[in-house]
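A.B. asks: The following file, start.txt, comprises compact mmCIF, C-alpha atoms:
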# COMPACT_ATOMS: atom_id res chain seq x y z
CA MET V 425 104.97 135.28 95.54
CA ARG V 426 108.54 134.75 94.41
CA LYS V 427 109.53 131.98 92.06
CA PRO V 428 110.74 128.75 93.75
CA GLN V 429 114.39 129.18 92.82
CA GLN V 430 114.52 132.52 94.65
CA TYR V 431 113.61 130.91 97.97
CA PHE V 432 117.15 129.74 98.58
CA GLU V 433 119.22 132.43 96.82
CA ASP V 434 119.03 135.22 99.34
CA LYS V 435 118.35 135.02 103.08
CA ARG V 436 116.50 138.31 103.25
CA ALA V 437 114.33 137.40 100.27
CA ILE V 438 113.46 134.09 101.95
CA GLN V 439 112.51 135.82 105.20
CA ALA V 440 110.41 138.40 103.37
CA CYS V 441 108.65 135.73 101.33
CA PHE V 442 107.95 133.65 104.45
CA ALA V 443 106.60 136.68 106.34
CA ASP V 444 104.33 137.47 103.38
CA TRP V 445 103.08 133.88 103.37
CA VAL V 446 102.29 133.98 107.11
CA SER V 447 100.45 137.29 106.77
CA LYS V 448 98.35 135.93 103.89
CA LEU V 449 97.38 132.86 105.86
CA GLY V 450 96.38 135.09 108.78
CA GLN V 451 97.63 132.48 111.20
CA LYS V 452 100.71 130.47 112.13
CA PRO V 453 101.73 128.18 109.28
CA ASP V 454 101.41 124.43 109.44
CA ILE V 455 105.15 123.92 109.20
CA ILE V 456 107.96 125.88 110.82
CA PHE V 457 111.43 125.55 109.31
CA GLY V 458 114.04 125.73 112.06
CA LYS V 459 116.61 123.44 113.66
CA GLY V 460 115.58 122.39 117.14
CA SER V 461 112.35 124.39 117.06
CA TYR V 462 110.10 122.38 114.75
CA GLY V 463 106.44 122.97 115.53
CA THR V 464 107.02 125.59 118.27
CA GLY V 465 105.25 128.34 116.36
CA GLU V 466 108.25 130.66 116.64
CA ARG V 467 109.25 132.93 113.77
CA LEU V 468 112.51 131.41 112.53
CA ASN V 469 114.74 131.68 109.52
CA LEU V 470 114.12 129.02 106.93
CA VAL V 471 116.56 126.13 107.05
CA GLN V 472 117.73 124.74 103.74
CA ARG V 473 117.15 121.02 103.47
CA LYS V 474 117.22 118.04 101.12
CA ILE V 475 114.83 115.10 100.75
CA ASN V 476 115.15 111.94 102.80
CA TYR V 477 113.81 109.27 100.44
CA GLU V 478 113.88 106.67 103.21
CA SER V 479 111.26 108.53 105.27
CA LEU V 480 107.75 107.13 105.44
CA SER V 481 104.35 108.67 104.76
CA LYS V 482 100.93 107.03 104.84
CA ARG V 483 99.73 109.40 102.14
CA VAL V 484 102.60 109.20 99.64
CA SER V 485 105.05 106.33 99.71
CA LEU V 486 107.96 105.32 97.49
CA GLY V 487 108.87 101.77 96.57
CA GLU V 488 112.44 100.52 96.82
CA GLY V 489 112.98 101.08 93.11
CA GLU V 490 111.38 104.53 93.14
CA LYS V 491 113.40 106.41 95.73
CA ASN V 492 114.46 109.28 93.49
CA LEU V 493 113.48 112.86 92.79
CA GLU V 494 111.57 112.33 89.53
CA SER V 495 109.44 109.56 90.99
CA LEU V 496 108.55 111.68 94.02
CA ILE V 497 107.75 114.71 91.86
CA SER V 498 105.49 112.58 89.65
CA LYS V 499 103.62 111.10 92.62
CA LEU V 500 103.14 114.47 94.29
CA GLN V 501 101.98 116.08 91.05
CA ASP V 502 99.45 113.30 90.68
CA PHE V 503 98.40 113.67 94.34
CA TYR V 504 97.80 117.43 93.93
CA SER V 505 96.47 117.21 90.36
CA ARG V 506 93.22 118.99 91.24
CA TYR V 507 95.17 122.25 91.60
CA GLY V 508 96.12 122.27 87.92
CA MET V 509 99.24 122.52 85.79
CA LYS V 510 100.60 125.72 87.37
CA PHE V 511 100.69 124.13 90.80
CA LYS V 512 102.29 120.98 89.34
CA GLU V 513 105.15 123.07 87.98
CA LYS V 514 105.54 124.79 91.35
CA ILE V 515 105.88 121.36 92.98
CA ARG V 516 108.69 120.52 90.57
CA GLY V 517 110.53 123.77 91.33
CA TRP V 518 110.17 123.45 95.10
CA LEU V 519 111.34 119.84 95.21
CA LYS V 520 114.35 120.51 92.99
CA GLU V 521 115.44 123.29 95.33
CA ILE V 522 114.90 121.12 98.41
CA ASN V 523 116.82 118.21 96.87
CA VAL V 524 120.15 120.05 96.67
CA GLN V 525 120.28 121.51 100.19
CA SER V 526 122.38 120.39 103.12
CA ASP V 527 119.79 119.46 105.76
CA THR V 528 116.88 117.05 105.22
CA TRP V 529 113.11 117.00 104.72
CA THR V 530 111.03 113.92 105.44
CA LEU V 531 108.10 113.10 103.16
CA GLY V 532 105.85 114.29 105.98
CA ASP V 533 107.63 117.68 105.99
CA ILE V 534 107.08 117.99 102.26
CA LEU V 535 103.39 117.09 102.46
CA ARG V 536 102.77 119.59 105.26
CA PHE V 537 104.52 122.28 103.23
CA LEU V 538 102.54 121.46 100.07
CA ASP V 539 99.25 121.26 101.99
CA ALA V 540 99.83 124.76 103.34
CA ARG V 541 100.73 126.10 99.91
CA ALA V 542 97.74 124.35 98.33
CA LYS V 543 95.40 126.22 100.67
CA GLU V 544 96.56 129.44 99.01
CA GLU V 545 95.87 128.14 95.50
CA PRO V 546 92.46 128.61 93.88
CA ILE V 547 91.37 125.22 92.56
CA PRO V 548 90.57 125.44 88.82
CA ILE V 549 86.80 125.31 88.37
CA ALA V 550 85.10 124.34 85.12
CA PRO V 551 82.35 126.68 83.82
CA THR V 552 79.70 124.08 84.64
CA GLU V 553 80.78 124.07 88.30
CA LYS V 554 79.26 127.46 89.15
CA GLY V 555 77.68 127.27 92.57
CA ILE V 556 79.04 123.83 93.43
CA ALA V 557 82.74 124.39 93.99
CA GLU V 558 82.61 121.88 96.88
CA VAL V 559 82.82 118.97 94.43
CA ARG V 560 86.10 117.11 94.85
CA LEU V 561 87.14 114.15 92.75
CA PRO V 562 89.64 111.57 94.09
CA PHE V 563 93.21 112.75 94.60
CA SER V 564 94.92 110.78 91.84
CA MET V 565 94.37 111.23 88.12
CA SER V 566 93.96 107.48 87.59
CA ALA V 567 91.19 107.33 90.23
CA GLN V 568 89.46 110.29 88.59
CA ARG V 569 89.50 108.53 85.22
CA ASP V 570 88.04 105.39 86.84
CA PHE V 571 85.35 107.32 88.72
CA ALA V 572 82.55 106.03 86.46
CA PHE V 573 83.36 102.36 87.09
CA PRO V 574 80.69 101.20 89.59
CA ALA V 575 82.61 98.10 90.78
CA HIS V 576 84.34 100.16 93.50
CA THR V 577 82.77 103.02 95.38
CA ARG V 578 85.06 106.01 95.82
CA ALA V 579 84.14 108.99 98.00
CA VAL V 580 85.83 112.25 98.94
CA ALA V 581 84.65 114.12 102.04
CA VAL V 582 85.32 117.80 102.76
CA PHE V 583 84.63 119.95 105.81
CA GLY V 584 86.48 123.04 107.00
CA GLN V 585 90.11 122.59 105.97
CA ARG V 586 89.84 118.79 106.04
CA MET V 587 89.64 116.65 102.93
CA PHE V 588 90.06 112.88 102.69
CA GLU V 589 88.93 110.01 100.51
CA GLU V 590 87.88 106.42 101.04
CA GLN V 591 87.01 103.51 98.77
CA SER V 592 85.15 100.27 99.31
CA SER V 593 87.33 97.30 100.26
CA ASP V 594 87.06 93.94 102.02
CA GLY V 595 83.27 94.20 102.26
CA VAL V 596 83.37 97.64 103.94
CA HIS V 597 81.64 100.40 102.00
CA ALA V 598 83.37 103.72 101.37
CA GLU V 599 80.54 105.59 103.11
CA GLU V 600 80.91 103.45 106.22
CA GLN V 601 84.60 104.30 106.40
CA ILE V 602 83.86 108.01 106.02
CA VAL V 603 81.21 107.93 108.75
CA THR V 604 83.60 106.17 111.15
CA ARG V 605 86.32 108.72 110.52
CA LEU V 606 83.99 111.71 110.87
CA GLN V 607 82.54 110.43 114.13
CA LYS V 608 86.08 110.38 115.55
CA LEU V 609 86.48 114.02 114.46
CA GLU V 610 83.26 115.22 116.09
CA ALA V 611 85.11 117.29 118.71
CA GLU V 612 87.08 119.04 115.96
CA VAL V 613 83.86 119.85 114.07
CA ALA V 614 82.30 121.27 117.24
CA GLU V 615 85.11 123.86 117.39
CA LEU V 616 84.03 125.31 114.01
CA GLU V 617 81.54 128.15 113.77
CA VAL V 618 78.03 126.86 113.07
CA ARG V 619 78.02 128.19 109.50
CA GLU V 620 81.25 126.27 108.81
CA ARG V 621 79.91 122.92 110.00
CA LYS V 622 79.18 121.84 106.45
CA LEU V 623 80.04 118.47 104.98
CA SER V 624 80.23 117.67 101.29
CA ILE V 625 80.69 114.15 99.96
CA THR V 626 81.55 113.55 96.31
CA ILE V 627 80.87 109.92 95.45
CA ASN V 628 80.61 107.85 92.31
CA ASN V 629 77.92 105.34 93.41
CA PHE V 630 74.78 106.61 95.13
CA PRO V 631 74.62 105.37 98.78
CA CYS V 632 72.90 102.02 99.21
CA LEU V 633 69.59 101.83 101.07
CA GLU V 634 70.28 99.21 103.74
CA ARG V 635 73.79 100.00 105.00
CA CYS V 636 75.03 103.41 103.95
CA THR V 637 71.92 105.59 103.98
CA PRO V 638 71.22 105.08 107.73
CA GLN V 639 74.87 105.68 108.61
CA ILE V 640 75.09 108.91 106.61
CA ILE V 641 71.92 110.16 108.31
CA THR V 642 73.65 109.77 111.70
CA LEU V 643 76.07 112.50 110.61
CA THR V 644 73.26 115.09 110.72
CA THR V 645 73.85 115.26 114.49
CA ILE V 646 77.37 116.54 113.74
CA PHE V 647 76.86 118.57 110.55
CA PRO V 648 73.81 120.87 110.15
CA THR V 649 74.44 120.94 106.38
CA ILE V 650 75.35 117.85 104.35
CA THR V 651 75.51 117.67 100.56
CA ILE V 652 76.10 114.53 98.52
CA TYR V 653 77.31 114.94 94.94
CA TYR V 654 76.86 111.64 93.11
CA ALA V 655 77.68 110.36 89.63
CA ILE V 656 75.92 106.98 89.29
CA PRO V 657 72.36 106.31 90.52
CA TYR V 658 71.56 102.60 90.69
CA GLY V 659 67.85 103.15 89.96
CA GLY V 660 64.82 101.16 91.05
CA GLU V 661 62.79 101.18 94.25
CA ASP V 662 65.83 100.99 96.56
CA PHE V 663 67.37 104.06 94.92
CA GLU V 664 64.15 106.04 95.32
CA ALA V 665 63.71 104.89 98.92
CA ALA V 666 67.30 105.79 99.82
CA ALA V 667 66.97 109.21 98.16
CA ARG V 668 63.74 109.96 100.01
CA LYS V 669 65.25 108.99 103.37
CA LEU V 670 68.31 111.15 102.81
CA LYS V 671 66.22 114.12 101.65
CA SER V 672 63.84 113.72 104.60
CA ALA V 673 66.85 113.97 106.90
CA GLY V 674 67.70 117.33 105.32
CA ILE V 675 70.60 116.06 103.20
CA ASN V 676 71.10 117.76 99.83
CA LEU V 677 71.44 115.42 96.83
CA ILE V 678 72.99 116.74 93.62
CA PRO V 679 73.79 114.63 90.53
CA ILE V 680 77.03 115.60 88.76
CA ASP V 681 78.98 114.72 85.66
CA PRO V 682 82.54 114.09 86.96
CA ARG V 683 83.98 115.12 83.60
CA ASP V 684 82.95 118.71 84.37
CA TYR V 685 85.40 118.73 87.27
CA MET V 686 88.41 117.22 85.54
CA THR V 687 91.34 119.20 84.24
CA PRO V 688 91.84 119.11 80.44
CA GLU V 689 94.88 116.90 81.05
CA VAL V 690 92.84 114.25 82.84
CA LYS V 691 90.03 114.27 80.26
CA ARG V 692 92.48 114.10 77.37
CA ASP V 693 93.92 110.80 78.56
CA LEU V 694 90.64 108.94 79.15
CA THR V 695 90.72 105.52 77.53
CA THR V 696 87.90 104.44 75.24
CA ASP V 697 86.52 102.23 77.99
CA GLN V 698 86.70 105.00 80.59
CA ALA V 699 84.98 107.49 78.27
CA TYR V 700 82.24 104.91 77.59
CA ARG V 701 81.66 104.45 81.32
CA PHE V 702 81.14 108.18 81.80
CA GLU V 703 78.62 108.18 78.95
CA GLN V 704 76.78 105.27 80.57
CA ALA V 705 76.73 107.09 83.92
CA ALA V 706 75.24 110.15 82.22
CA LYS V 707 72.47 107.99 80.73
CA ARG V 708 71.73 106.47 84.14
CA ARG V 709 71.36 109.94 85.66
CA THR V 710 68.87 110.84 82.93
CA LEU V 711 66.90 107.61 83.34
CA ASN V 712 66.91 107.75 87.16
CA PRO V 713 66.13 111.28 88.34
CA LEU V 714 65.75 112.03 92.02
CA PRO V 715 62.23 111.42 93.38
CA LYS V 716 60.27 114.57 94.21
Here is the file; what I need is its structure written in the form of structure tokens.
C.D. replies:
Amino acid sequence: MRKPQQYFEDKRAIQACFADWVSKLGQKPDIIFGKGSYGTGERLNLVQRKINYESLSKRVSLGEGEKNLESLISKLQDFYSRYGMKFKEKIRGWLKEINVQSDTWTLGDILRFLDARAKEEPIPIAPTEKGIAEVRLPFSMSAQRDFAFPAHTRAVAVFGQRMFEEQSSDGVHAEEQIVTRLQKLEAEVAELEVRERKLSITINNFPCLERCTPQIITLTTIFPTITIYYAIPYGGEDFEAAARKLKSAGINLIPIDPRDYMTPEVKRDLTTDQAYRFEQAAKRRTLNPLPK
């Protein structure tokens, strides 16, 4: 693929690069760049645009004092941190090119573009991740570093090309929010081939017995294969009972060390307290193995 600055230097180069991108995806791209034809699926020349900092996005938002290029680049680099440093630098190049053009991009346009490009990027995998590349930590670096704090449950769900995260809030557990969202997407899951109807959930706190375990089990009617990657077992009889119920329902349970899935940049900036929490989580996994 050509470097970002070449996208806007030559019309033929842009068209060739876009055609190459479409052929690699093997399908129509998520975003079509063309005046008056957005989302039609037609093959159009790319339209040069700039960023509209006033536009809204539920996924990435800018405060009144942050509506500038560097702030947006920083937030998007944090949002796509799992794709590593090379992708972060690509984000910077793309956004700088977009920012000087004559027409405009909304934040939604930018996210759709980056989502499509991210699908082409191999996510960096640590050596210890062999065989479990489905593990996904939270989107932001700060949430990844706080993943061993048990006070808030954070969970990331992945199926097909979908990935989203939830966290406990206002008395609602993260797992409950995930189940609600997945139930609404049941028709979309049904359109996938059977072998692709797989769900993976990466979560810091193991699902509780009374509320979350029964709800997760209901998802087995939608997904033939469900795997839960967890970091912190709470131990005791409830933990063992919850694990047995989930396993009896055919759900795979795999303990993980979240540090194995962090980029060197994220691990380097762990505070002393955060590093201590990950060590404590590792001890809890050793002291509370899954029941046979």
A.B. asks: Looking at all atoms listed in the file, which of V:Tyr685, V:Trp529, V:Tyr507, V:Phe630 is the one that sits closest to Glu599 (chain V)?
C.D. replies: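 Under the stated criterion, the closest residue is V:Phe630.
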A.B. asks: In file coordinates, which residues lie within 10 Å of (80.7, 99.4, 95.6) using only C-alpha atoms, given as a ChimeraX atom specification?
C.D. replies: /V:573-578,591-593,595-599,628-632
A.B. asks: Convert the current residue selection to file output with C-alpha atoms, as an mmCIF file, in the coordinates of the input.
C.D. replies:
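Listed below is the output, result.cif:
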data_model
loop_
_atom_site.group_PDB
_atom_site.id
_atom_site.type_symbol
_atom_site.label_atom_id
_atom_site.label_comp_id
_atom_site.auth_asym_id
_atom_site.auth_seq_id
_atom_site.Cartn_x
_atom_site.Cartn_y
_atom_site.Cartn_z
ATOM 1 C CA PHE V 573 83.360 102.360 87.090
ATOM 2 C CA PRO V 574 80.690 101.200 89.590
ATOM 3 C CA ALA V 575 82.610 98.100 90.780
ATOM 4 C CA HIS V 576 84.340 100.160 93.500
ATOM 5 C CA THR V 577 82.770 103.020 95.380
ATOM 6 C CA ARG V 578 85.060 106.010 95.820
ATOM 7 C CA GLN V 591 87.010 103.510 98.770
ATOM 8 C CA SER V 592 85.150 100.270 99.310
ATOM 9 C CA SER V 593 87.330 97.300 100.260
ATOM 10 C CA GLY V 595 83.270 94.200 102.260
ATOM 11 C CA VAL V 596 83.370 97.640 103.940
ATOM 12 C CA HIS V 597 81.640 100.400 102.000
ATOM 13 C CA ALA V 598 83.370 103.720 101.370
ATOM 14 C CA GLU V 599 80.540 105.590 103.110
ATOM 15 C CA ASN V 628 80.610 107.850 92.310
ATOM 16 C CA ASN V 629 77.920 105.340 93.410
ATOM 17 C CA PHE V 630 74.780 106.610 95.130
ATOM 18 C CA PRO V 631 74.620 105.370 98.780
ATOM 19 C CA CYS V 632 72.900 102.020 99.210
#
A.B. asks: With all atoms listed in the file counted, which protein, DNA or RNA residues have an atom no more than 10 Å from (72.3, 113.6, 108.8) in the file frame? Please answer as a list in words.
C.D. replies: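 Residues satisfying the cut-off, written out: Leu623, Thr637, Pro638, Gln639, Ile640, Ile641, Thr642, Leu643, Thr644, Thr645, Ile646, Phe647, Pro648, Thr649, Ile650, Thr651, Leu670, Lys671, Ser672, Ala673, Gly674, Ile675 and Asn676 of chain V.
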A.B. asks: Would you write out those residues with C-alpha atoms, as a tab-separated table (two decimals), in the coordinates of the input?
C.D. replies:
chain	number	residue	atom	x	y	z
V	623	LEU	CA	80.04	118.47	104.98
V	637	THR	CA	71.92	105.59	103.98
V	638	PRO	CA	71.22	105.08	107.73
V	639	GLN	CA	74.87	105.68	108.61
V	640	ILE	CA	75.09	108.91	106.61
V	641	ILE	CA	71.92	110.16	108.31
V	642	THR	CA	73.65	109.77	111.70
V	643	LEU	CA	76.07	112.50	110.61
V	644	THR	CA	73.26	115.09	110.72
V	645	THR	CA	73.85	115.26	114.49
V	646	ILE	CA	77.37	116.54	113.74
V	647	PHE	CA	76.86	118.57	110.55
V	648	PRO	CA	73.81	120.87	110.15
V	649	THR	CA	74.44	120.94	106.38
V	650	ILE	CA	75.35	117.85	104.35
V	651	THR	CA	75.51	117.67	100.56
V	670	LEU	CA	68.31	111.15	102.81
V	671	LYS	CA	66.22	114.12	101.65
V	672	SER	CA	63.84	113.72	104.60
V	673	ALA	CA	66.85	113.97	106.90
V	674	GLY	CA	67.70	117.33	105.32
V	675	ILE	CA	70.60	116.06	103.20
V	676	ASN	CA	71.10	117.76	99.83
A.B. asks: Which is closer to Tyr658 (chain V) than all the others in V:Val690, V:Leu609, V:Leu711, V:Val618, using all atoms listed in the file?
C.D. replies: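 Using all atoms listed in the file, the shortest distance to Tyr658 (chain V) belongs to V:Leu711.
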A.B. asks: What is the CA of Gln585 (chain V) to CA of Pro688 (chain V) distance in Å?
C.D. replies: 25.8 Å
A.B. asks: Can you fill out region 603-616 of chain V with N, CA and C atoms and hand it back as a short mmCIF file (atom, residue, chain, number, x, y, z; two decimals), in the coordinates of the input?
C.D. replies:
data_model
loop_
_atom_site.label_atom_id
_atom_site.label_comp_id
_atom_site.auth_asym_id
_atom_site.auth_seq_id
_atom_site.Cartn_x
_atom_site.Cartn_y
_atom_site.Cartn_z
N VAL V 603 81.99 107.67 107.54
CA VAL V 603 81.21 107.93 108.75
C VAL V 603 82.04 107.64 110.00
N THR V 604 82.75 106.52 110.00
CA THR V 604 83.60 106.17 111.15
C THR V 604 84.65 107.24 111.41
N ARG V 605 85.28 107.70 110.34
CA ARG V 605 86.32 108.72 110.52
C ARG V 605 85.73 110.04 111.02
N LEU V 606 84.59 110.44 110.47
CA LEU V 606 83.99 111.71 110.87
C LEU V 606 83.49 111.69 112.31
N GLN V 607 82.99 110.54 112.74
CA GLN V 607 82.54 110.43 114.13
C GLN V 607 83.71 110.64 115.09
N LYS V 608 84.90 110.18 114.70
CA LYS V 608 86.08 110.38 115.55
C LYS V 608 86.52 111.84 115.57
N LEU V 609 86.09 112.61 114.56
CA LEU V 609 86.48 114.02 114.46
C LEU V 609 85.39 114.96 114.97
N GLU V 610 84.40 114.41 115.66
CA GLU V 610 83.26 115.22 116.09
C GLU V 610 83.69 116.40 116.96
N ALA V 611 84.65 116.20 117.85
CA ALA V 611 85.11 117.29 118.71
C ALA V 611 85.74 118.41 117.89
N GLU V 612 86.46 118.03 116.84
CA GLU V 612 87.08 119.04 115.96
C GLU V 612 86.01 119.84 115.22
N VAL V 613 84.95 119.16 114.77
CA VAL V 613 83.86 119.85 114.07
C VAL V 613 83.17 120.83 115.01
N ALA V 614 82.99 120.43 116.26
CA ALA V 614 82.30 121.27 117.24
C ALA V 614 83.03 122.59 117.47
N GLU V 615 84.34 122.63 117.20
CA GLU V 615 85.11 123.86 117.39
C GLU V 615 84.88 124.86 116.27
N LEU V 616 84.30 124.41 115.14
CA LEU V 616 84.03 125.31 114.01
C LEU V 616 82.81 126.17 114.32
#
